[in-house]
>>> print(open('target.txt').read())   # compact mmCIF, C-alpha atoms
# COMPACT_ATOMS: atom_id res chain seq x y z
CA MET L 27 -12.04 -46.67 40.54
CA SER L 28 -14.50 -46.21 37.67
CA GLU L 29 -17.76 -44.39 38.35
CA THR L 30 -19.54 -46.89 36.10
CA SER L 31 -20.15 -50.63 35.97
CA ASN L 32 -22.30 -53.15 34.08
CA GLU L 33 -20.98 -52.36 30.61
CA ILE L 34 -23.57 -52.04 27.83
CA GLU L 35 -23.32 -51.69 24.06
CA LEU L 36 -23.68 -47.91 23.63
CA THR L 37 -23.71 -44.65 25.54
CA VAL L 38 -24.84 -41.39 23.95
CA VAL L 39 -23.71 -38.23 25.77
CA LEU L 40 -25.66 -35.09 24.88
CA THR L 41 -24.07 -31.76 25.82
CA VAL L 42 -26.19 -28.81 26.89
CA VAL L 43 -25.16 -25.73 24.90
CA SER L 44 -28.33 -23.71 24.25
CA GLY L 45 -30.70 -25.19 26.79
CA LYS L 46 -34.06 -26.86 27.28
CA ASP L 47 -35.74 -26.23 23.91
CA ALA L 48 -32.69 -27.23 21.88
CA MET L 49 -32.16 -30.32 24.03
CA ARG L 50 -35.80 -31.34 23.52
CA ALA L 51 -35.27 -31.21 19.74
CA CYS L 52 -32.02 -33.17 20.00
CA LEU L 53 -33.58 -35.83 22.22
CA GLY L 54 -36.51 -36.01 19.82
CA GLY L 55 -34.04 -37.19 17.18
CA VAL L 56 -32.04 -39.54 19.40
CA TYR L 57 -34.72 -41.10 21.62
CA PRO L 58 -36.58 -43.19 18.99
CA GLN L 59 -33.30 -44.76 17.86
CA ILE L 60 -32.27 -46.11 21.27
CA ASP L 61 -32.78 -49.65 22.50
CA PHE L 62 -32.64 -48.87 26.21
CA ALA L 63 -32.08 -52.52 27.04
CA ALA L 64 -28.60 -52.26 25.54
CA ALA L 65 -27.90 -48.54 25.43
CA GLU L 66 -28.20 -45.37 27.48
CA VAL L 67 -28.53 -41.64 26.90
CA ILE L 68 -26.85 -39.28 29.36
CA VAL L 69 -27.57 -35.55 29.69
CA PRO L 70 -25.33 -33.75 32.22
CA TYR L 71 -26.64 -30.35 33.36
CA ASP L 72 -25.94 -27.84 36.13
CA LYS L 73 -27.25 -24.74 37.86
CA TRP L 74 -26.69 -22.72 34.69
CA SER L 75 -28.98 -25.07 32.75
CA ALA L 76 -31.28 -26.28 35.54
CA ASP L 77 -34.46 -26.25 33.43
CA VAL L 78 -33.01 -29.04 31.26
CA GLY L 79 -33.80 -31.37 34.15
CA ASP L 80 -37.50 -30.73 33.53
CA LEU L 81 -37.22 -32.85 30.38
CA ALA L 82 -36.92 -36.00 32.51
CA ALA L 83 -40.71 -36.25 32.55
CA GLU L 84 -40.81 -36.23 28.74
CA PHE L 85 -37.91 -38.64 28.29
CA PRO L 86 -38.12 -40.97 31.32
CA GLU L 87 -35.46 -43.43 30.18
CA VAL L 88 -32.82 -40.75 29.67
CA GLU L 89 -30.30 -40.29 32.51
CA PHE L 90 -30.19 -36.62 33.55
CA HIS L 91 -27.15 -36.02 35.76
CA PHE L 92 -27.05 -32.83 37.81
CA ILE L 93 -23.49 -31.55 38.26
CA ASP L 94 -22.86 -30.28 41.78
CA ASP L 95 -19.11 -29.75 41.39
CA LEU L 96 -18.38 -27.55 38.39
CA GLY L 97 -14.64 -27.49 39.04
CA MET L 98 -12.95 -24.62 37.24
CA ALA L 99 -16.18 -23.95 35.35
CA SER L 100 -17.55 -22.36 38.53
CA ASP L 101 -15.31 -19.32 37.96
CA THR L 102 -17.43 -16.79 36.05
CA ALA L 103 -14.71 -14.14 36.05
CA ILE L 104 -12.89 -15.51 32.99
CA ALA L 105 -13.75 -15.08 29.33
CA ALA L 106 -13.80 -18.84 28.72
CA HIS L 107 -16.35 -19.57 31.46
CA THR L 108 -19.06 -20.65 29.00
CA HIS L 109 -16.73 -22.95 27.11
CA ARG L 110 -15.54 -24.47 30.39
CA LEU L 111 -19.14 -25.36 31.23
CA TYR L 112 -19.43 -27.33 27.99
CA ASP L 113 -16.09 -29.03 28.70
CA ARG L 114 -17.21 -29.95 32.22
CA ARG L 115 -20.59 -31.28 31.09
CA ARG L 116 -18.94 -33.52 28.49
CA ALA L 117 -16.44 -34.83 31.05
CA ILE L 118 -19.18 -35.71 33.54
CA GLY L 119 -21.09 -37.49 30.81
CA LEU L 120 -18.06 -39.54 29.87
CA ARG L 121 -17.41 -40.43 33.51
CA HIS L 122 -20.84 -42.03 33.79
CA ALA L 123 -20.73 -43.77 30.40
CA ARG L 124 -20.96 -47.57 30.45
CA GLY L 125 -21.11 -48.27 26.73
CA LYS L 126 -18.53 -50.22 24.76
CA ILE L 127 -19.00 -47.42 22.27
CA ILE L 128 -19.47 -43.85 23.51
CA ALA L 129 -21.05 -41.36 21.11
CA MET L 130 -21.34 -37.64 21.69
CA THR L 131 -23.16 -34.68 20.21
CA GLU L 132 -24.74 -31.47 21.50
CA ASP L 133 -28.20 -29.97 21.75
CA HIS L 134 -27.65 -27.81 18.65
CA ALA L 135 -27.47 -31.00 16.61
CA VAL L 136 -30.35 -33.24 15.55
CA PRO L 137 -29.06 -36.64 14.41
CA ALA L 138 -30.20 -38.29 11.21
CA ALA L 139 -32.76 -41.06 11.65
CA ASP L 140 -30.11 -43.76 11.15
CA TRP L 141 -27.38 -42.15 13.28
CA ILE L 142 -27.24 -44.91 15.90
CA GLU L 143 -27.34 -47.66 13.26
CA GLN L 144 -24.46 -46.04 11.42
CA ILE L 145 -22.41 -45.62 14.62
CA PHE L 146 -22.54 -49.37 15.17
CA ALA L 147 -21.69 -50.02 11.52
CA ALA L 148 -18.77 -47.58 11.59
CA HIS L 149 -17.31 -49.18 14.72
CA GLU L 150 -17.00 -52.50 12.99
CA GLN L 151 -13.87 -50.82 11.67
CA PRO L 152 -10.76 -50.87 13.90
CA TYR L 153 -10.58 -47.12 14.53
CA ASP L 154 -10.78 -45.87 18.14
CA VAL L 155 -12.17 -42.44 17.22
CA ILE L 156 -14.80 -42.03 14.52
CA GLY L 157 -16.27 -38.68 13.60
CA GLY L 158 -19.09 -37.94 11.21
CA ALA L 159 -20.66 -35.37 8.93
CA ILE L 160 -22.18 -32.13 10.21
CA GLU L 161 -24.78 -30.40 8.05
CA ASN L 162 -26.45 -27.03 8.44
CA GLY L 163 -30.14 -27.42 9.19
CA THR L 164 -31.18 -23.72 9.19
CA ASP L 165 -31.40 -22.02 5.81
CA LYS L 166 -30.49 -18.43 6.69
CA PRO L 167 -27.43 -16.42 5.55
CA LEU L 168 -26.12 -15.94 9.11
CA ASN L 169 -26.49 -19.65 9.89
CA TRP L 170 -24.74 -20.61 6.67
CA ALA L 171 -21.92 -18.16 7.40
CA TRP L 172 -21.54 -19.45 10.96
CA TYR L 173 -21.67 -23.05 9.71
CA TYR L 174 -18.87 -22.53 7.21
CA CYS L 175 -16.74 -20.80 9.82
CA ASP L 176 -17.03 -23.78 12.14
CA PHE L 177 -18.17 -26.99 10.44
CA GLY L 178 -17.85 -26.53 6.68
CA ARG L 179 -15.13 -29.14 6.34
CA TYR L 180 -17.50 -31.74 7.81
CA GLY L 181 -20.20 -31.07 5.22
CA ARG L 182 -20.92 -33.78 2.69
CA PRO L 183 -19.88 -34.87 0.19
CA PHE L 184 -16.47 -36.03 1.41
CA LEU L 185 -14.55 -39.26 1.30
CA GLY L 186 -14.11 -41.09 4.57
CA GLY L 187 -10.58 -41.52 5.78
CA ILE L 188 -7.97 -41.12 8.49
CA LEU L 189 -7.54 -37.42 9.30
CA ASP L 190 -5.99 -35.19 11.94
CA TYR L 191 -9.34 -33.92 13.18
CA VAL L 192 -12.95 -34.82 13.93
CA SER L 193 -15.56 -32.72 15.77
CA ASP L 194 -17.03 -33.28 19.22
CA VAL L 195 -20.41 -32.37 17.70
CA ASN L 196 -20.46 -35.80 16.02
CA VAL L 197 -17.91 -38.21 17.43
CA SER L 198 -17.80 -41.69 18.91
CA TYR L 199 -15.12 -43.65 20.75
CA LYS L 200 -14.27 -47.20 21.66
CA LYS L 201 -14.36 -47.16 25.45
CA PRO L 202 -10.99 -48.85 26.15
CA ALA L 203 -9.13 -46.25 24.09
CA LEU L 204 -11.00 -43.41 25.81
CA ASP L 205 -10.41 -44.85 29.28
CA ALA L 206 -6.67 -45.10 28.53
CA VAL L 207 -6.47 -41.30 28.42
CA LYS L 208 -8.93 -40.54 31.19
CA HIS L 209 -6.36 -38.32 32.89
CA ILE L 210 -6.77 -35.91 29.97
CA TRP L 211 -10.58 -35.59 29.97
CA ASN L 212 -11.56 -36.52 33.53
CA ASP L 213 -12.04 -32.92 34.73
CA ALA L 214 -12.74 -31.18 31.44
CA TYR L 215 -13.17 -32.59 27.94
CA ARG L 216 -11.11 -30.61 25.43
CA GLU L 217 -11.49 -32.08 21.98
CA THR L 218 -8.11 -30.91 20.66
CA ILE L 219 -6.00 -31.98 23.64
CA LEU L 220 -7.82 -35.30 23.96
CA HIS L 221 -7.32 -36.22 20.32
CA TRP L 222 -3.67 -35.19 20.44
CA GLY L 223 -3.22 -37.51 23.41
CA MET L 224 -5.05 -40.40 21.75
CA ARG L 225 -3.04 -40.06 18.55
CA GLU L 226 0.19 -40.09 20.54
CA ARG L 227 -0.90 -43.44 22.00
CA GLY L 228 -1.46 -44.85 18.52
CA SER L 229 -5.18 -44.23 17.99
CA GLU L 230 -6.31 -43.06 14.57
CA LEU L 231 -9.07 -40.53 13.91
CA TYR L 232 -11.43 -41.62 11.16
CA LEU L 233 -14.02 -39.38 9.49
CA ASP L 234 -17.03 -41.32 8.19
CA PRO L 235 -19.73 -39.63 6.04
CA ARG L 236 -22.38 -42.18 7.07
CA LEU L 237 -22.78 -40.60 10.53
CA VAL L 238 -24.78 -37.40 10.08
CA VAL L 239 -26.11 -34.68 12.38
CA TYR L 240 -27.86 -31.43 11.45
CA GLN L 241 -26.98 -28.16 13.15
CA GLN L 242 -30.14 -26.33 14.16
CA ARG L 243 -28.98 -23.27 16.03
CA PRO L 244 -31.67 -21.24 17.81
CA LYS L 245 -32.17 -17.74 16.48
CA MET L 246 -28.98 -15.73 16.84
CA THR L 247 -27.88 -12.20 16.03
CA LEU L 248 -24.78 -11.12 14.17
CA ALA L 249 -23.44 -9.50 17.34
CA ASN L 250 -23.86 -12.71 19.33
CA ALA L 251 -22.30 -14.80 16.57
CA PHE L 252 -19.32 -12.42 16.35
CA SER L 253 -18.81 -12.43 20.12
CA GLU L 254 -18.91 -16.23 20.13
CA ARG L 255 -16.30 -16.42 17.38
CA VAL L 256 -13.96 -14.15 19.39
CA GLN L 257 -14.37 -16.26 22.52
CA TRP L 258 -13.99 -19.60 20.74
CA GLY L 259 -10.93 -18.36 18.83
CA ARG L 260 -9.34 -17.35 22.11
CA VAL L 261 -10.09 -20.73 23.71
CA PHE L 262 -8.53 -22.50 20.71
CA ALA L 263 -5.37 -20.38 20.94
CA GLU L 264 -5.07 -20.81 24.70
CA THR L 265 -5.30 -24.57 24.26
CA ARG L 266 -2.49 -24.40 21.73
CA VAL L 267 -0.12 -22.25 23.77
CA ALA L 268 -0.50 -24.57 26.76
CA VAL L 269 1.60 -27.15 24.94
CA CYS L 270 3.87 -25.12 22.64
CA SER L 271 7.14 -23.23 22.99
CA PHE L 272 7.42 -19.44 23.29
CA ARG L 273 8.80 -19.30 19.75
CA GLN L 274 5.79 -21.16 18.37
CA ARG L 275 3.53 -18.86 20.33
CA VAL L 276 5.08 -15.79 18.68
CA ILE L 277 4.72 -17.40 15.24
CA TYR L 278 1.08 -18.25 15.89
CA ALA L 279 0.38 -14.69 17.08
CA ALA L 280 1.91 -13.21 13.95
CA GLY L 281 0.00 -15.65 11.79
CA ALA L 282 -3.31 -14.74 13.41
CA LEU L 283 -3.18 -11.38 11.63
CA ALA L 284 -3.30 -13.12 8.25
CA LEU L 285 -5.99 -15.65 9.14
CA PRO L 286 -9.21 -13.98 7.86
CA PRO L 287 -8.48 -14.22 4.09
CA VAL L 288 -6.92 -17.68 4.49
CA LEU L 289 -9.89 -19.01 6.42
CA LEU L 290 -12.34 -17.37 4.02
CA LEU L 291 -10.70 -19.15 1.09
CA ARG L 292 -11.05 -22.42 2.99
CA ALA L 293 -14.72 -21.68 3.66
CA PHE L 294 -15.25 -20.77 0.01
CA SER L 295 -13.61 -24.04 -1.03
CA ASN L 296 -16.03 -25.99 1.19
CA MET L 297 -18.97 -24.07 -0.27
CA ARG L 298 -17.88 -24.99 -3.79
CA ARG L 299 -17.26 -28.61 -2.82
CA GLN L 300 -20.82 -28.79 -1.54
CA LYS L 301 -22.06 -27.13 -4.74
CA ARG L 302 -23.76 -24.22 -3.03
CA SER L 303 -25.50 -21.76 -5.33
CA PHE L 304 -23.94 -18.43 -6.30
CA GLN L 305 -26.75 -16.62 -4.48
CA GLN L 306 -26.14 -18.52 -1.27
CA ILE L 307 -22.38 -17.96 -1.41
CA ALA L 308 -22.82 -14.26 -2.16
CA ALA L 309 -25.21 -13.85 0.77
CA SER L 310 -23.15 -15.75 3.35
CA ALA L 311 -19.50 -15.08 2.38
CA PRO L 312 -19.34 -11.42 3.60
CA ILE L 313 -20.88 -12.43 6.94
CA ALA L 314 -18.46 -15.36 7.16
CA PHE L 315 -15.53 -13.00 6.62
CA LEU L 316 -16.68 -10.78 9.49
CA LEU L 317 -17.04 -13.80 11.78
CA LEU L 318 -13.59 -15.01 10.77
CA VAL L 319 -12.15 -11.61 11.68
CA GLY L 320 -13.67 -12.17 15.12
CA TRP L 321 -12.15 -15.65 15.36
CA SER L 322 -8.72 -14.35 14.32
CA PHE L 323 -8.89 -11.54 16.87
CA GLY L 324 -9.78 -14.12 19.53
CA GLU L 325 -6.80 -16.26 18.53
CA LEU L 326 -4.52 -13.24 18.77
CA LEU L 327 -5.79 -12.52 22.29
CA GLY L 328 -5.17 -16.13 23.26
CA TYR L 329 -1.61 -16.11 21.97
CA LEU L 330 -0.81 -12.77 23.61
CA PHE L 331 -2.32 -13.46 27.02
CA GLY L 332 -1.61 -17.16 27.33
CA MET L 333 -3.68 -19.48 29.48
CA PRO L 334 -4.36 -17.82 32.82
CA GLU L 335 -7.30 -20.11 33.49
CA MET L 336 -5.56 -23.48 33.12
CA LYS L 337 -4.01 -25.10 36.16
CA SER L 338 -0.64 -26.80 36.04
CA ALA L 339 -2.27 -30.21 36.51
CA GLU L 340 -4.17 -29.72 33.26
CA LEU L 341 -1.02 -28.74 31.45
CA GLU L 342 0.69 -31.87 32.70
CA ALA L 343 -2.25 -33.95 31.51
CA ALA L 344 -2.09 -32.32 28.10
CA ASN L 345 1.56 -33.27 27.79
CA THR L 346 1.20 -36.83 29.12
>>> encode(input="target.txt", output="structure tokens")
Amino acid sequence: MSETSNEIELTVVLTVVSGKDAMRACLGGVYPQIDFAAAEVIVPYDKWSADVGDLAAEFPEVEFHFIDDLGMASDTAIAAHTHRLYDRRRAIGLRHARGKIIAMTEDHAVPAADWIEQIFAAHEQPYDVIGGAIENGTDKPLNWAWYYCDFGRYGRPFLGGILDYVSDVNVSYKKPALDAVKHIWNDAYRETILHWGMRERGSELYLDPRLVVYQQRPKMTLANAFSERVQWGRVFAETRVAVCSFRQRVIYAAGALALPPVLLLRAFSNMRRQKRSFQQIAASAPIAFLLLVGWSFGELLGYLFGMPEMKSAELEAANT
């Protein structure tokens, strides 16, 4: 039985990643755009982000959902604990969503002033999954390097179209298509596995440049950024090996060793496409290369050590 009823036009799920201050900035961008008579904003949080609940006084119409049951995300002994928290928060948000359209972003992202308007316009198209542009909103070499390691391909200008990927930092779904694969995301939302499952059922992923969010990461150090890249690379690889053969796993592991220069060329291509200045490229490219080494090392770890943290039920869901 669904946890929601009384369907409305739109749900916006905001994922806690950095915490209270970042969420306040994100809500500051979303809140003025919402007609709460026909839409809702949901912010799931837990004991690891308890102070986010304090924002309820500032944003009284937003639904702050405290997560009692963290599921596998309660296990702090594994390297992917932090990522599991994000996955769990997204899943809880989706469970409570009542909108015909369900949009999602995270507290690092501040949506453009017309984000909601453009979501409705984009969903006049027949696509079940519509992603949007992600821009860097912090003009520092480390932030640019991090941005191009993660989101450079979503930076404008680009032509909208059907692609194999969109990002959970700026994505929206038609509810019936999302509900049809609830067994995949019910416990933990994993962007890659979910979109694989939706594509297998005939849904198409559409990337639309009209939907824009701006990444505004809080101050970070190179060490923290490198550590994050290692962890996220490992999570990506572990998601892959959950649904691939041993032979593919060996191939992926071998390929991880060659990833840094390949990924740097891809990042450089995105920089050129966005017409970044020579000075900006020169300042950010060496840092990007270091971060990509971290990502590649994380992937290698994931391929070598498999997926000790995923339960068989999740693997079955990923293959359904």
>>> closest_residue(input="target.txt", among="L:Ala129, L:Val42, L:Leu248, L:Ala82", to="Lys201 of chain L", atoms="all atoms listed in the file")
L:Ala129
>>> closest_residue(input="target.txt", among="L:Phe294, L:Tyr240, L:Tyr71, L:Phe252", to="Ala139 of chain L", atoms="all atoms listed in the file")
L:Tyr240
>>> residues_around(input="target.txt", residues="Ile145 of chain L", least_positions_apart="5", cutoff="12 Å", atoms="all atoms listed in the file", output="MDAnalysis selection string")
chainID L and resid 35:38 59:60 126:130 137:140 150:151 153 155:159 196:200 233:239
>>> write_last_selection(input="target.txt", atoms="C-alpha atoms", output="PDB file, keeping the file's coordinate frame")
ATOM      1  CA  GLU L  35     -23.320 -51.690  24.060  1.00  0.00           C
ATOM      2  CA  LEU L  36     -23.680 -47.910  23.630  1.00  0.00           C
ATOM      3  CA  THR L  37     -23.710 -44.650  25.540  1.00  0.00           C
ATOM      4  CA  VAL L  38     -24.840 -41.390  23.950  1.00  0.00           C
ATOM      5  CA  GLN L  59     -33.300 -44.760  17.860  1.00  0.00           C
ATOM      6  CA  ILE L  60     -32.270 -46.110  21.270  1.00  0.00           C
ATOM      7  CA  LYS L 126     -18.530 -50.220  24.760  1.00  0.00           C
ATOM      8  CA  ILE L 127     -19.000 -47.420  22.270  1.00  0.00           C
ATOM      9  CA  ILE L 128     -19.470 -43.850  23.510  1.00  0.00           C
ATOM     10  CA  ALA L 129     -21.050 -41.360  21.110  1.00  0.00           C
ATOM     11  CA  MET L 130     -21.340 -37.640  21.690  1.00  0.00           C
ATOM     12  CA  PRO L 137     -29.060 -36.640  14.410  1.00  0.00           C
ATOM     13  CA  ALA L 138     -30.200 -38.290  11.210  1.00  0.00           C
ATOM     14  CA  ALA L 139     -32.760 -41.060  11.650  1.00  0.00           C
ATOM     15  CA  ASP L 140     -30.110 -43.760  11.150  1.00  0.00           C
ATOM     16  CA  GLU L 150     -17.000 -52.500  12.990  1.00  0.00           C
ATOM     17  CA  GLN L 151     -13.870 -50.820  11.670  1.00  0.00           C
ATOM     18  CA  TYR L 153     -10.580 -47.120  14.530  1.00  0.00           C
ATOM     19  CA  VAL L 155     -12.170 -42.440  17.220  1.00  0.00           C
ATOM     20  CA  ILE L 156     -14.800 -42.030  14.520  1.00  0.00           C
ATOM     21  CA  GLY L 157     -16.270 -38.680  13.600  1.00  0.00           C
ATOM     22  CA  GLY L 158     -19.090 -37.940  11.210  1.00  0.00           C
ATOM     23  CA  ALA L 159     -20.660 -35.370   8.930  1.00  0.00           C
ATOM     24  CA  ASN L 196     -20.460 -35.800  16.020  1.00  0.00           C
ATOM     25  CA  VAL L 197     -17.910 -38.210  17.430  1.00  0.00           C
ATOM     26  CA  SER L 198     -17.800 -41.690  18.910  1.00  0.00           C
ATOM     27  CA  TYR L 199     -15.120 -43.650  20.750  1.00  0.00           C
ATOM     28  CA  LYS L 200     -14.270 -47.200  21.660  1.00  0.00           C
ATOM     29  CA  LEU L 233     -14.020 -39.380   9.490  1.00  0.00           C
ATOM     30  CA  ASP L 234     -17.030 -41.320   8.190  1.00  0.00           C
ATOM     31  CA  PRO L 235     -19.730 -39.630   6.040  1.00  0.00           C
ATOM     32  CA  ARG L 236     -22.380 -42.180   7.070  1.00  0.00           C
ATOM     33  CA  LEU L 237     -22.780 -40.600  10.530  1.00  0.00           C
ATOM     34  CA  VAL L 238     -24.780 -37.400  10.080  1.00  0.00           C
ATOM     35  CA  VAL L 239     -26.110 -34.680  12.380  1.00  0.00           C
TER      36      VAL L 239
END
>>> closest_residue(input="target.txt", among="L:Ala51, L:Ala147, L:Leu120, L:Ala263", to="Ser322 of chain L", atoms="all atoms listed in the file")
L:Ala263
>>> residues_around(input="target.txt", residues="Arg302 of chain L", least_positions_apart="3", cutoff="12 Å", atoms="all atoms listed in the file", output="list in words")
Asp165, Trp170, Tyr174, Gly178, Gly181, Arg182, Pro183, Ala293, Phe294, Ser295, Asn296, Met297, Arg298, Arg299, Gln305, Gln306, Ile307, Ala308, Ala309, Ser310 and Ala311 of chain L
>>> write_last_selection(input="target.txt", atoms="C-alpha atoms", output="PDB file, in the coordinates of the input")
ATOM      1  CA  ASP L 165     -31.400 -22.020   5.810  1.00  0.00           C
ATOM      2  CA  TRP L 170     -24.740 -20.610   6.670  1.00  0.00           C
ATOM      3  CA  TYR L 174     -18.870 -22.530   7.210  1.00  0.00           C
ATOM      4  CA  GLY L 178     -17.850 -26.530   6.680  1.00  0.00           C
ATOM      5  CA  GLY L 181     -20.200 -31.070   5.220  1.00  0.00           C
ATOM      6  CA  ARG L 182     -20.920 -33.780   2.690  1.00  0.00           C
ATOM      7  CA  PRO L 183     -19.880 -34.870   0.190  1.00  0.00           C
ATOM      8  CA  ALA L 293     -14.720 -21.680   3.660  1.00  0.00           C
ATOM      9  CA  PHE L 294     -15.250 -20.770   0.010  1.00  0.00           C
ATOM     10  CA  SER L 295     -13.610 -24.040  -1.030  1.00  0.00           C
ATOM     11  CA  ASN L 296     -16.030 -25.990   1.190  1.00  0.00           C
ATOM     12  CA  MET L 297     -18.970 -24.070  -0.270  1.00  0.00           C
ATOM     13  CA  ARG L 298     -17.880 -24.990  -3.790  1.00  0.00           C
ATOM     14  CA  ARG L 299     -17.260 -28.610  -2.820  1.00  0.00           C
ATOM     15  CA  GLN L 305     -26.750 -16.620  -4.480  1.00  0.00           C
ATOM     16  CA  GLN L 306     -26.140 -18.520  -1.270  1.00  0.00           C
ATOM     17  CA  ILE L 307     -22.380 -17.960  -1.410  1.00  0.00           C
ATOM     18  CA  ALA L 308     -22.820 -14.260  -2.160  1.00  0.00           C
ATOM     19  CA  ALA L 309     -25.210 -13.850   0.770  1.00  0.00           C
ATOM     20  CA  SER L 310     -23.150 -15.750   3.350  1.00  0.00           C
ATOM     21  CA  ALA L 311     -19.500 -15.080   2.380  1.00  0.00           C
TER      22      ALA L 311
END
>>> residues_around(input="target.txt", residues="Ser75 of chain L", least_positions_apart="2", cutoff="9 Å", atoms="all atoms listed in the file", output="list in words")
Val42, Val43, Ser44, Gly45, Lys46, Tyr71, Asp72, Lys73, Asp77, Val78 and Gly79 of chain L
>>> atom_distance(input="target.txt", atom1="atom CA of Leu285 of chain L", atom2="atom CA of Lys245 of chain L")
27.3 Å
>>> closest_residue(input="target.txt", among="L:Glu264, L:Glu89, L:Glu161, L:Glu325", to="His122 of chain L", atoms="all atoms listed in the file")
L:Glu89
>>> residues_around(input="target.txt", residues="segment 103-112 of chain L", least_positions_apart="6", cutoff="9 Å", atoms="all atoms listed in the file", output="ChimeraX atom specification")
/L:41-43,72,74,96,214-215,257-258,260-261,334-335
>>> closest_residue(input="target.txt", among="L:Leu204, L:Ile142, L:Val256, L:Leu326", to="Ala282 of chain L", atoms="all atoms listed in the file")
L:Leu326
>>> closest_residue(input="target.txt", among="L:Phe331, L:Phe92, L:Tyr57, L:Phe315", to="Ala76 of chain L", atoms="all atoms listed in the file")
L:Phe92
>>> residues_around(input="target.txt", residues="Gly320 of chain L", least_positions_apart="3", cutoff="7 Å", atoms="only C-alpha atoms", output="number ranges by chain")
L: 252, 255-256, 316-317, 323-324
>>> atom_distance(input="target.txt", atom1="atom CA of Gly55 of chain L", atom2="atom CA of Pro86 of chain L")
15.2 Å
>>> atom_distance(input="target.txt", atom1="atom CA of Tyr232 of chain L", atom2="atom CA of Trp141 of chain L")
16.1 Å
>>> axis_aligned_box(input="target.txt", around="segment 79-83 of chain L", padding_each_side="3 Å", output="AutoDock Vina command-line options")
--center_x -37.3 --center_y -33.5 --center_z 32.3 --size_x 12.9 --size_y 11.5 --size_z 9.8
>>> build_atoms(input="target.txt", residues="segment 86-101 of chain L", atoms="N, CA and C atoms", output="PDB file, keeping the file's coordinate frame")
ATOM      1  N   PRO L  86     -38.363 -40.301  30.023  1.00  0.00           N
ATOM      2  CA  PRO L  86     -38.120 -40.970  31.320  1.00  0.00           C
ATOM      3  C   PRO L  86     -36.952 -41.941  31.329  1.00  0.00           C
ATOM      4  N   GLU L  87     -36.557 -42.464  30.192  1.00  0.00           N
ATOM      5  CA  GLU L  87     -35.460 -43.430  30.180  1.00  0.00           C
ATOM      6  C   GLU L  87     -34.093 -42.780  30.020  1.00  0.00           C
ATOM      7  N   VAL L  88     -34.083 -41.479  29.786  1.00  0.00           N
ATOM      8  CA  VAL L  88     -32.820 -40.750  29.670  1.00  0.00           C
ATOM      9  C   VAL L  88     -32.273 -40.454  31.067  1.00  0.00           C
ATOM     10  N   GLU L  89     -30.957 -40.555  31.230  1.00  0.00           N
ATOM     11  CA  GLU L  89     -30.300 -40.290  32.510  1.00  0.00           C
ATOM     12  C   GLU L  89     -29.863 -38.831  32.561  1.00  0.00           C
ATOM     13  N   PHE L  90     -30.549 -38.028  33.349  1.00  0.00           N
ATOM     14  CA  PHE L  90     -30.190 -36.620  33.550  1.00  0.00           C
ATOM     15  C   PHE L  90     -29.338 -36.525  34.808  1.00  0.00           C
ATOM     16  N   HIS L  91     -28.087 -36.102  34.629  1.00  0.00           N
ATOM     17  CA  HIS L  91     -27.150 -36.020  35.760  1.00  0.00           C
ATOM     18  C   HIS L  91     -26.911 -34.557  36.126  1.00  0.00           C
ATOM     19  N   PHE L  92     -27.304 -34.190  37.337  1.00  0.00           N
ATOM     20  CA  PHE L  92     -27.050 -32.830  37.810  1.00  0.00           C
ATOM     21  C   PHE L  92     -25.622 -32.735  38.327  1.00  0.00           C
ATOM     22  N   ILE L  93     -24.899 -31.721  37.889  1.00  0.00           N
ATOM     23  CA  ILE L  93     -23.490 -31.550  38.260  1.00  0.00           C
ATOM     24  C   ILE L  93     -23.407 -30.593  39.438  1.00  0.00           C
ATOM     25  N   ASP L  94     -23.040 -31.116  40.587  1.00  0.00           N
ATOM     26  CA  ASP L  94     -22.860 -30.280  41.780  1.00  0.00           C
ATOM     27  C   ASP L  94     -21.515 -29.556  41.730  1.00  0.00           C
ATOM     28  N   ASP L  95     -20.474 -30.293  41.387  1.00  0.00           N
ATOM     29  CA  ASP L  95     -19.110 -29.750  41.390  1.00  0.00           C
ATOM     30  C   ASP L  95     -18.732 -29.350  39.972  1.00  0.00           C
ATOM     31  N   LEU L  96     -18.702 -28.049  39.716  1.00  0.00           N
ATOM     32  CA  LEU L  96     -18.380 -27.550  38.390  1.00  0.00           C
ATOM     33  C   LEU L  96     -16.876 -27.391  38.164  1.00  0.00           C
ATOM     34  N   GLY L  97     -16.088 -27.636  39.194  1.00  0.00           N
ATOM     35  CA  GLY L  97     -14.640 -27.490  39.040  1.00  0.00           C
ATOM     36  C   GLY L  97     -14.288 -26.067  38.639  1.00  0.00           C
ATOM     37  N   MET L  98     -13.359 -25.950  37.684  1.00  0.00           N
ATOM     38  CA  MET L  98     -12.950 -24.620  37.240  1.00  0.00           C
ATOM     39  C   MET L  98     -14.071 -23.870  36.516  1.00  0.00           C
ATOM     40  N   ALA L  99     -15.072 -24.583  36.053  1.00  0.00           N
ATOM     41  CA  ALA L  99     -16.180 -23.950  35.350  1.00  0.00           C
ATOM     42  C   ALA L  99     -17.046 -23.096  36.284  1.00  0.00           C
ATOM     43  N   SER L 100     -16.796 -23.180  37.582  1.00  0.00           N
ATOM     44  CA  SER L 100     -17.550 -22.360  38.530  1.00  0.00           C
ATOM     45  C   SER L 100     -17.062 -20.920  38.555  1.00  0.00           C
ATOM     46  N   ASP L 101     -15.895 -20.656  37.969  1.00  0.00           N
ATOM     47  CA  ASP L 101     -15.310 -19.320  37.960  1.00  0.00           C
ATOM     48  C   ASP L 101     -15.891 -18.514  36.808  1.00  0.00           C
TER      49      ASP L 101
END
